[in-house]
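Structure data (PDB, C-alpha atoms, pLDDT in the B column) from protein22.pdb:
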ATOM      1  CA  MET A  68     157.841 158.437 127.642  1.00 51.00           C
ATOM      2  CA  ASN A  69     158.738 155.635 130.081  1.00 68.00           C
ATOM      3  CA  SER A  70     161.953 156.903 131.690  1.00 76.00           C
ATOM      4  CA  ALA A  71     162.803 153.544 133.304  1.00 76.00           C
ATOM      5  CA  LEU A  72     162.527 151.774 129.955  1.00 77.00           C
ATOM      6  CA  CYS A  73     164.601 154.459 128.259  1.00 81.00           C
ATOM      7  CA  LEU A  74     167.393 154.256 130.849  1.00 85.00           C
ATOM      8  CA  THR A  75     167.443 150.457 130.742  1.00 85.00           C
ATOM      9  CA  GLU A  76     167.696 150.449 126.954  1.00 85.00           C
ATOM     10  CA  LEU A  77     170.503 153.001 127.051  1.00 88.00           C
ATOM     11  CA  LEU A  78     172.351 150.913 129.646  1.00 90.00           C
ATOM     12  CA  GLY A  79     172.157 147.841 127.421  1.00 90.00           C
ATOM     13  CA  LEU A  80     173.268 149.851 124.402  1.00 91.00           C
ATOM     14  CA  CYS A  81     176.204 151.440 126.293  1.00 93.00           C
ATOM     15  CA  LEU A  82     177.422 148.045 127.523  1.00 94.00           C
ATOM     16  CA  SER A  83     177.187 146.663 124.005  1.00 93.00           C
ATOM     17  CA  PHE A  84     179.055 149.659 122.593  1.00 94.00           C
ATOM     18  CA  THR A  85     181.857 149.197 125.139  1.00 95.00           C
ATOM     19  CA  GLY A  86     182.043 145.532 124.177  1.00 94.00           C
ATOM     20  CA  TYR A  87     182.151 146.569 120.512  1.00 95.00           C
ATOM     21  CA  ILE A  88     185.168 148.807 121.174  1.00 95.00           C
ATOM     22  CA  CYS A  89     186.911 145.987 123.059  1.00 94.00           C
ATOM     23  CA  CYS A  90     186.311 143.638 120.119  1.00 93.00           C
ATOM     24  CA  LEU A  91     187.802 146.150 117.685  1.00 93.00           C
ATOM     25  CA  VAL A  92     190.866 146.527 119.926  1.00 92.00           C
ATOM     26  CA  SER A  93     191.208 142.763 120.153  1.00 91.00           C
ATOM     27  CA  LEU A  94     190.915 142.413 116.379  1.00 90.00           C
ATOM     28  CA  PHE A  95     193.633 144.873 115.411  1.00 89.00           C
ATOM     29  CA  ILE A  96     196.316 145.002 118.112  1.00 87.00           C
ATOM     30  CA  PRO A  97     199.126 142.426 117.678  1.00 85.00           C
ATOM     31  CA  GLN A  98     199.107 141.244 121.281  1.00 84.00           C
ATOM     32  CA  TRP A  99     197.169 138.011 121.306  1.00 85.00           C
ATOM     33  CA  LEU A 100     200.216 136.079 122.426  1.00 83.00           C
ATOM     34  CA  THR A 101     203.570 137.181 123.779  1.00 81.00           C
ATOM     35  CA  PHE A 102     206.809 135.586 124.862  1.00 75.00           C
ATOM     36  CA  SER A 103     210.373 136.544 125.649  1.00 64.00           C
ATOM     37  CA  SER A 104     213.189 134.546 124.124  1.00 58.00           C
ATOM     38  CA  GLY A 105     215.163 134.651 127.365  1.00 56.00           C
ATOM     39  CA  MET A 106     218.385 135.531 125.550  1.00 56.00           C
ATOM     40  CA  LEU A 107     217.580 139.229 125.184  1.00 54.00           C
ATOM     41  CA  VAL A 108     215.855 140.519 128.298  1.00 57.00           C
ATOM     42  CA  ASN A 109     214.568 143.716 126.690  1.00 68.00           C
ATOM     43  CA  GLU A 110     213.129 141.973 123.628  1.00 72.00           C
ATOM     44  CA  SER A 111     209.762 140.248 123.325  1.00 77.00           C
ATOM     45  CA  TYR A 112     207.683 138.778 120.527  1.00 80.00           C
ATOM     46  CA  LEU A 113     204.037 139.631 119.943  1.00 84.00           C
ATOM     47  CA  LEU A 114     201.644 137.529 117.888  1.00 83.00           C
ATOM     48  CA  GLY A 115     198.408 138.973 116.516  1.00 83.00           C
ATOM     49  CA  LEU A 116     195.768 137.843 114.074  1.00 86.00           C
ATOM     50  CA  TRP A 117     197.345 139.866 111.277  1.00 86.00           C
ATOM     51  CA  HIS A 118     200.953 140.573 112.309  1.00 83.00           C
ATOM     52  CA  ILE A 119     203.850 139.229 114.319  1.00 83.00           C
ATOM     53  CA  CYS A 120     206.053 141.859 115.966  1.00 83.00           C
ATOM     54  CA  VAL A 121     209.352 142.123 117.785  1.00 81.00           C
ATOM     55  CA  SER A 122     209.188 144.771 120.507  1.00 76.00           C
ATOM     56  CA  GLN A 123     211.896 146.309 122.682  1.00 73.00           C
ATOM     57  CA  ASP A 124     211.693 148.200 125.958  1.00 67.00           C
ATOM     58  CA  VAL A 125     213.081 151.345 124.365  1.00 61.00           C
ATOM     59  CA  GLY A 126     209.804 151.660 122.450  1.00 64.00           C
ATOM     60  CA  SER A 127     210.816 150.462 119.003  1.00 70.00           C
ATOM     61  CA  SER A 128     209.086 147.557 117.322  1.00 74.00           C
ATOM     62  CA  VAL A 129     209.192 145.798 113.971  1.00 80.00           C
ATOM     63  CA  CYS A 130     206.109 144.057 112.598  1.00 79.00           C
ATOM     64  CA  GLN A 131     205.588 141.691 109.714  1.00 79.00           C
ATOM     65  CA  GLU A 132     202.349 140.444 108.220  1.00 80.00           C
ATOM     66  CA  HIS A 133     201.537 136.756 108.317  1.00 75.00           C
ATOM     67  CA  GLY A 134     202.148 134.734 105.194  1.00 70.00           C
ATOM     68  CA  THR A 135     199.417 133.291 103.030  1.00 72.00           C
ATOM     69  CA  LEU A 136     196.194 132.154 104.633  1.00 69.00           C
ATOM     70  CA  LEU A 137     196.991 128.491 104.010  1.00 68.00           C
ATOM     71  CA  GLU A 138     200.204 128.761 106.065  1.00 71.00           C
ATOM     72  CA  LEU A 139     198.384 129.942 109.193  1.00 77.00           C
ATOM     73  CA  PRO A 140     197.351 127.490 111.911  1.00 78.00           C
ATOM     74  CA  LEU A 141     193.678 126.559 111.844  1.00 81.00           C
ATOM     75  CA  HIS A 142     192.865 128.230 115.175  1.00 79.00           C
ATOM     76  CA  ILE A 143     194.219 131.580 113.939  1.00 83.00           C
ATOM     77  CA  GLN A 144     192.201 131.316 110.721  1.00 85.00           C
ATOM     78  CA  MET A 145     188.983 130.512 112.590  1.00 87.00           C
ATOM     79  CA  THR A 146     189.622 133.255 115.158  1.00 87.00           C
ATOM     80  CA  ARG A 147     190.092 135.796 112.375  1.00 88.00           C
ATOM     81  CA  ILE A 148     186.795 134.831 110.750  1.00 90.00           C
ATOM     82  CA  LEU A 149     184.736 134.710 113.940  1.00 92.00           C
ATOM     83  CA  VAL A 150     186.075 137.957 115.396  1.00 92.00           C
ATOM     84  CA  CYS A 151     185.365 139.758 112.116  1.00 93.00           C
ATOM     85  CA  LEU A 152     181.856 138.263 112.098  1.00 94.00           C
ATOM     86  CA  SER A 153     181.409 139.393 115.700  1.00 93.00           C
ATOM     87  CA  VAL A 154     182.249 142.990 114.783  1.00 94.00           C
ATOM     88  CA  LEU A 155     179.911 142.879 111.771  1.00 95.00           C
ATOM     89  CA  THR A 156     177.091 141.346 113.823  1.00 95.00           C
ATOM     90  CA  GLY A 157     177.557 143.987 116.509  1.00 93.00           C
ATOM     91  CA  THR A 158     177.382 146.717 113.865  1.00 94.00           C
ATOM     92  CA  LEU A 159     174.150 145.218 112.556  1.00 94.00           C
ATOM     93  CA  GLY A 160     172.816 145.071 116.108  1.00 92.00           C
ATOM     94  CA  PHE A 161     173.373 148.814 116.560  1.00 92.00           C
ATOM     95  CA  MET A 162     171.738 149.554 113.221  1.00 91.00           C
ATOM     96  CA  VAL A 163     168.682 147.517 114.210  1.00 89.00           C
ATOM     97  CA  SER A 164     168.233 148.468 117.867  1.00 87.00           C
ATOM     98  CA  THR A 165     169.064 152.193 117.846  1.00 85.00           C
ATOM     99  CA  PRO A 166     165.980 153.363 115.859  1.00 82.00           C
ATOM    100  CA  ALA A 167     163.737 151.321 118.176  1.00 78.00           C
ATOM    101  CA  LEU A 168     164.890 152.979 121.409  1.00 78.00           C
ATOM    102  CA  THR A 169     162.149 154.579 123.467  1.00 74.00           C
ATOM    103  CA  CYS A 170     164.012 157.883 123.666  1.00 72.00           C
ATOM    104  CA  VAL A 171     164.602 158.006 119.894  1.00 69.00           C
ATOM    105  CA  LYS A 172     161.736 159.303 117.750  1.00 69.00           C
ATOM    106  CA  CYS A 173     162.507 157.311 114.609  1.00 62.00           C
ATOM    107  CA  LEU A 174     159.376 155.160 114.724  1.00 59.00           C
ATOM    108  CA  ASP A 175     155.797 156.079 115.449  1.00 57.00           C
ATOM    109  CA  ASN A 176     154.953 155.733 119.143  1.00 56.00           C
ATOM    110  CA  SER A 177     151.754 153.931 118.199  1.00 53.00           C
ATOM    111  CA  LYS A 178     153.807 150.995 116.863  1.00 62.00           C
ATOM    112  CA  HIS A 179     154.896 149.702 120.285  1.00 70.00           C
ATOM    113  CA  TYR A 180     154.829 146.077 119.174  1.00 76.00           C
ATOM    114  CA  VAL A 181     157.125 146.764 116.194  1.00 78.00           C
ATOM    115  CA  LYS A 182     159.623 148.659 118.354  1.00 79.00           C
ATOM    116  CA  ARG A 183     159.582 145.872 120.906  1.00 83.00           C
ATOM    117  CA  VAL A 184     160.301 143.172 118.314  1.00 86.00           C
ATOM    118  CA  ILE A 185     163.089 145.238 116.732  1.00 87.00           C
ATOM    119  CA  SER A 186     164.721 145.821 120.128  1.00 86.00           C
ATOM    120  CA  ILE A 187     164.609 142.105 120.939  1.00 89.00           C
ATOM    121  CA  VAL A 188     166.187 141.304 117.557  1.00 91.00           C
ATOM    122  CA  GLY A 189     168.920 143.883 118.238  1.00 91.00           C
ATOM    123  CA  GLY A 190     169.599 142.379 121.674  1.00 92.00           C
ATOM    124  CA  SER A 191     169.784 138.890 120.155  1.00 93.00           C
ATOM    125  CA  LEU A 192     172.355 140.141 117.643  1.00 94.00           C
ATOM    126  CA  PHE A 193     174.462 141.538 120.488  1.00 95.00           C
ATOM    127  CA  ILE A 194     174.355 138.182 122.282  1.00 95.00           C
ATOM    128  CA  LEU A 195     175.349 136.405 119.067  1.00 95.00           C
ATOM    129  CA  ALA A 196     178.225 138.850 118.561  1.00 94.00           C
ATOM    130  CA  GLY A 197     179.431 138.193 122.107  1.00 94.00           C
ATOM    131  CA  ALA A 198     179.348 134.432 121.589  1.00 94.00           C
ATOM    132  CA  MET A 199     181.220 134.771 118.292  1.00 92.00           C
ATOM    133  CA  ILE A 200     184.211 136.404 119.972  1.00 92.00           C
ATOM    134  CA  PHE A 201     184.070 134.685 123.368  1.00 90.00           C
ATOM    135  CA  CYS A 202     184.192 131.150 121.942  1.00 90.00           C
ATOM    136  CA  PRO A 203     187.245 131.540 119.637  1.00 87.00           C
ATOM    137  CA  VAL A 204     189.182 133.473 122.279  1.00 89.00           C
ATOM    138  CA  SER A 205     188.491 130.702 124.803  1.00 88.00           C
ATOM    139  CA  TYR A 206     189.556 128.017 122.314  1.00 85.00           C
ATOM    140  CA  PHE A 207     192.671 130.061 121.479  1.00 82.00           C
ATOM    141  CA  ALA A 208     193.476 130.256 125.182  1.00 83.00           C
ATOM    142  CA  HIS A 209     192.905 126.515 125.628  1.00 83.00           C
ATOM    143  CA  ASP A 210     195.289 125.715 122.772  1.00 79.00           C
ATOM    144  CA  VAL A 211     197.970 127.999 124.218  1.00 77.00           C
ATOM    145  CA  MET A 212     197.527 126.487 127.672  1.00 79.00           C
ATOM    146  CA  GLN A 213     198.015 122.971 126.339  1.00 75.00           C
ATOM    147  CA  ASN A 214     201.238 123.980 124.595  1.00 69.00           C
ATOM    148  CA  PHE A 215     202.426 125.882 127.670  1.00 67.00           C
ATOM    149  CA  TRP A 216     202.171 122.786 129.875  1.00 63.00           C
ATOM    150  CA  ASP A 217     203.445 120.365 127.236  1.00 58.00           C
ATOM    151  CA  ILE A 218     205.800 118.054 129.119  1.00 62.00           C
ATOM    152  CA  THR A 219     207.595 117.039 125.919  1.00 62.00           C
ATOM    153  CA  LEU A 220     209.127 120.516 125.574  1.00 58.00           C
ATOM    154  CA  PRO A 221     212.328 121.408 127.468  1.00 52.00           C
ATOM    155  CA  LYS A 222     211.791 123.247 130.731  1.00 60.00           C
ATOM    156  CA  ASP A 223     213.626 126.394 129.623  1.00 56.00           C
ATOM    157  CA  PHE A 224     212.027 126.462 126.169  1.00 56.00           C
ATOM    158  CA  PRO A 225     210.195 129.783 125.530  1.00 59.00           C
ATOM    159  CA  ARG A 226     206.413 129.457 125.616  1.00 68.00           C
ATOM    160  CA  TRP A 227     203.673 131.745 124.384  1.00 70.00           C
ATOM    161  CA  GLU A 228     201.617 133.501 127.059  1.00 76.00           C
ATOM    162  CA  TYR A 229     198.323 135.375 126.967  1.00 81.00           C
ATOM    163  CA  GLY A 230     198.413 138.914 125.594  1.00 82.00           C
ATOM    164  CA  ASN A 231     196.208 141.942 126.173  1.00 86.00           C
ATOM    165  CA  ALA A 232     194.157 141.314 123.039  1.00 88.00           C
ATOM    166  CA  MET A 233     192.796 138.064 124.458  1.00 89.00           C
ATOM    167  CA  PHE A 234     191.644 139.741 127.661  1.00 91.00           C
ATOM    168  CA  SER A 235     190.104 142.520 125.595  1.00 91.00           C
ATOM    169  CA  GLY A 236     188.221 139.885 123.576  1.00 92.00           C
ATOM    170  CA  TRP A 237     186.891 138.207 126.717  1.00 92.00           C
ATOM    171  CA  VAL A 238     185.714 141.522 128.153  1.00 94.00           C
ATOM    172  CA  GLY A 239     184.136 142.472 124.829  1.00 93.00           C
ATOM    173  CA  GLY A 240     182.238 139.197 124.613  1.00 94.00           C
ATOM    174  CA  ILE A 241     180.923 139.477 128.173  1.00 95.00           C
ATOM    175  CA  LEU A 242     179.805 143.089 127.671  1.00 95.00           C
ATOM    176  CA  PHE A 243     178.125 142.224 124.375  1.00 95.00           C
ATOM    177  CA  VAL A 244     176.138 139.426 126.014  1.00 95.00           C
ATOM    178  CA  ALA A 245     175.279 141.550 129.073  1.00 95.00           C
ATOM    179  CA  GLY A 246     174.092 144.443 126.901  1.00 93.00           C
ATOM    180  CA  GLY A 247     171.969 142.166 124.738  1.00 93.00           C
ATOM    181  CA  ILE A 248     170.359 140.471 127.743  1.00 94.00           C
ATOM    182  CA  ILE A 249     169.533 143.822 129.365  1.00 92.00           C
ATOM    183  CA  LEU A 250     168.003 145.072 126.121  1.00 90.00           C
ATOM    184  CA  ILE A 251     165.819 141.974 125.770  1.00 90.00           C
ATOM    185  CA  ILE A 252     164.775 141.974 129.437  1.00 89.00           C
ATOM    186  CA  SER A 253     163.800 145.640 129.198  1.00 84.00           C
ATOM    187  CA  GLN A 254     161.368 144.809 126.424  1.00 82.00           C
ATOM    188  CA  ILE A 255     159.901 141.713 128.067  1.00 79.00           C
ATOM    189  CA  PHE A 256     159.358 142.927 131.631  1.00 72.00           C
ATOM    190  CA  ILE A 257     159.233 146.724 131.573  1.00 63.00           C
ATOM    191  CA  ASN A 258     156.850 146.749 128.625  1.00 56.00           C
ATOM    192  CA  SER A 259     154.615 144.306 130.529  1.00 56.00           C
ATOM    193  CA  GLU A 260     154.562 146.663 133.508  1.00 52.00           C
ATOM    194  CA  SER A 261     153.713 149.579 131.220  1.00 53.00           C
ATOM    195  CA  ARG A 262     150.728 147.724 129.796  1.00 53.00           C
ATOM    196  CA  LEU A 263     149.486 146.915 133.297  1.00 50.00           C
ATOM    197  CA  GLN A 264     149.769 150.568 134.298  1.00 52.00           C
ATOM    198  CA  ARG A 265     147.834 151.617 131.200  1.00 51.00           C
ATOM    199  CA  ASN A 266     145.091 149.088 131.957  1.00 51.00           C
ATOM    200  CA  GLN A 267     144.656 150.092 135.619  1.00 51.00           C
ATOM    201  CA  PRO A 268     142.981 153.479 134.923  1.00 49.00           C
ATOM    202  CA  ILE A 269     140.534 151.759 132.591  1.00 45.00           C
ATOM    203  CA  GLU A 270     139.611 149.245 135.297  1.00 45.00           C
ATOM    204  CA  ARG A 271     139.216 152.006 137.912  1.00 46.00           C
ATOM    205  CA  ASN A 272     137.030 154.049 135.584  1.00 47.00           C
ATOM    206  CA  HIS A 273     134.898 151.023 134.858  1.00 45.00           C
ATOM    207  CA  ALA A 274     134.482 150.296 138.584  1.00 42.00           C
ATOM    208  CA  SER A 275     133.573 153.918 139.377  1.00 46.00           C
ATOM    209  CA  PHE A 276     131.024 153.872 136.562  1.00 40.00           C
ATOM    210  CA  GLN A 277     129.369 150.800 138.038  1.00 47.00           C
ATOM    211  CA  MET A 278     129.217 152.426 141.482  1.00 46.00           C
ATOM    212  CA  GLU A 279     127.602 155.550 140.083  1.00 48.00           C
ATOM    213  CA  TYR A 280     125.103 153.437 138.168  1.00 42.00           C
ATOM    214  CA  VAL A 281     124.096 151.634 141.362  1.00 47.00           C
TER
END
Could I get this structure in the form of structure tokens?
Amino acid sequence: MNSALCLTELLGLCLSFTGYICCLVSLFIPQWLTFSSGMLVNESYLLGLWHICVSQDVGSSVCQEHGTLLELPLHIQMTRILVCLSVLTGTLGFMVSTPALTCVKCLDNSKHYVKRVISIVGGSLFILAGAMIFCPVSYFAHDVMQNFWDITLPKDFPRWEYGNAMFSGWVGGILFVAGGIILIISQIFINSESRLQRNQPIERNHASFQMEYV
């Protein structure tokens, strides 16, 4: 077993799994956007993909689900869809790449080419999952930033600000992409080095045979 390849694959898988957890957190917590009304210092509003909540410093909060899908702004609808697709694509990536790990004996060791292709497909799915959450979060942030600096609104008018769920989505997307890239690179370069190492003894044996023949 190639220990370097095994460790590299596990590193890529661990990064992707951490990104997967961050995406789940970003999907479910109602903290995509937050603002304080300014009238009640201890009260703040939290906007999520599924709920809108009113939270107080004493620890109590009241949440209400969004209305019908048609009443939601377009950017919230698209973010819902893409983040859910990101989680599903990440799940599929784990299902594909885990059996092909070098340190997992799910496939025959003689089928190196099959394991390599499956690992590359799994890494590509992780990269796709990262892009699916990174892009909508960035667009969401851009839309909020435009409204925050809108000069037509009064200066003291409350404005939405970034919440923890958005930062969790960014981190999840970056970790997904990093894990997928590491998984693909491990198959492209480390497998090439392994083939060279396997071919070197054959070349040395062939050279020694020629010397003995002479």
Quiz prompt | Protein, DNA and RNA residues within 8 Å of (202.5, 135.8, 122.5), all atoms listed in the file, as a PyMOL selection string | solution = chain A and resi 98-102+112-115+227-230
Practice problem: Report the residues retrieved by the PyMOL selection byres ((chain A and resi 130) around 10) from the displayed file, expressed as a PyMOL selection string. | Solution: chain A and resi 97+112-114+117-122+128-129+131-133
Exercise. Show which residues sit within 10 Å of A:Phe84, as a list of chain:residue names. Count only C-alpha atoms, and ignore same-chain residues fewer than 2 positions away.
Key: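 That gives A:Leu78, A:Gly79, A:Leu80, A:Cys81, A:Leu82, A:Gly86, A:Tyr87, A:Ile88, A:Cys89, A:Cys90, A:Gly157, A:Thr158, A:Phe161, A:Phe193, A:Gly239, A:Leu242, A:Phe243, A:Gly246.
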Emit the selected residues as a compact mmCIF listing (two decimals), in the frame of the given file, including C-alpha atoms.
# COMPACT_ATOMS: atom_id res chain seq x y z
CA LEU A 78 172.35 150.91 129.65
CA GLY A 79 172.16 147.84 127.42
CA LEU A 80 173.27 149.85 124.40
CA CYS A 81 176.20 151.44 126.29
CA LEU A 82 177.42 148.04 127.52
CA GLY A 86 182.04 145.53 124.18
CA TYR A 87 182.15 146.57 120.51
CA ILE A 88 185.17 148.81 121.17
CA CYS A 89 186.91 145.99 123.06
CA CYS A 90 186.31 143.64 120.12
CA GLY A 157 177.56 143.99 116.51
CA THR A 158 177.38 146.72 113.86
CA PHE A 161 173.37 148.81 116.56
CA PHE A 193 174.46 141.54 120.49
CA GLY A 239 184.14 142.47 124.83
CA LEU A 242 179.80 143.09 127.67
CA PHE A 243 178.12 142.22 124.38
CA GLY A 246 174.09 144.44 126.90
Practice problem: Could you jot down the atom CA of A:Ile143 to atom CA of A:Asp210 separation for me, Å, one decimal place? | Solution: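 These two atoms are separated by 10.7 Å.
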Practice problem: Tell me, in Å to one decimal, how far atom CA of A:Thr169 is from atom CA of A:Ala71. | Solution: 9.9 Å
Exercise. Let me know the residues the PyMOL selection byres ((chain A and resi 188-190) around 8) catches in the file above, as a PyMOL selection string.
Key: chain A and resi 159-161+163-164+184-187+191-194+246-251
Practice problem: Could you tell me how far atom CA of A:Leu168 lies from atom CA of A:Leu91, in Å and to one decimal? | Solution: 24.2 Å
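If you apply the PyMOL selection byres ((chain A and resi 197) around 7) to this structure, you end up with A:Ser153, A:Phe193, A:Ile194, A:Leu195, A:Ala196, A:Ala198, A:Met199, A:Ile200, A:Phe201, A:Gly239, A:Gly240, A:Ile241, A:Phe243, A:Val244.
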Self-check item: Non-local contacts of A:Val204 (7 Å; all atoms listed in the file; under 3 positions in same chain excluded) as a list of chain:residue names
Solution: A:Ile200, A:Phe201, A:Phe207, A:Ala208, A:Met233, A:Gly236, A:Trp237
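Of the residues listed (A:Glu110, A:Thr135, A:Leu77, A:Val150), A:Val150 shows the shortest atom-to-atom separation from A:Ala232; distances use only C-alpha atoms.
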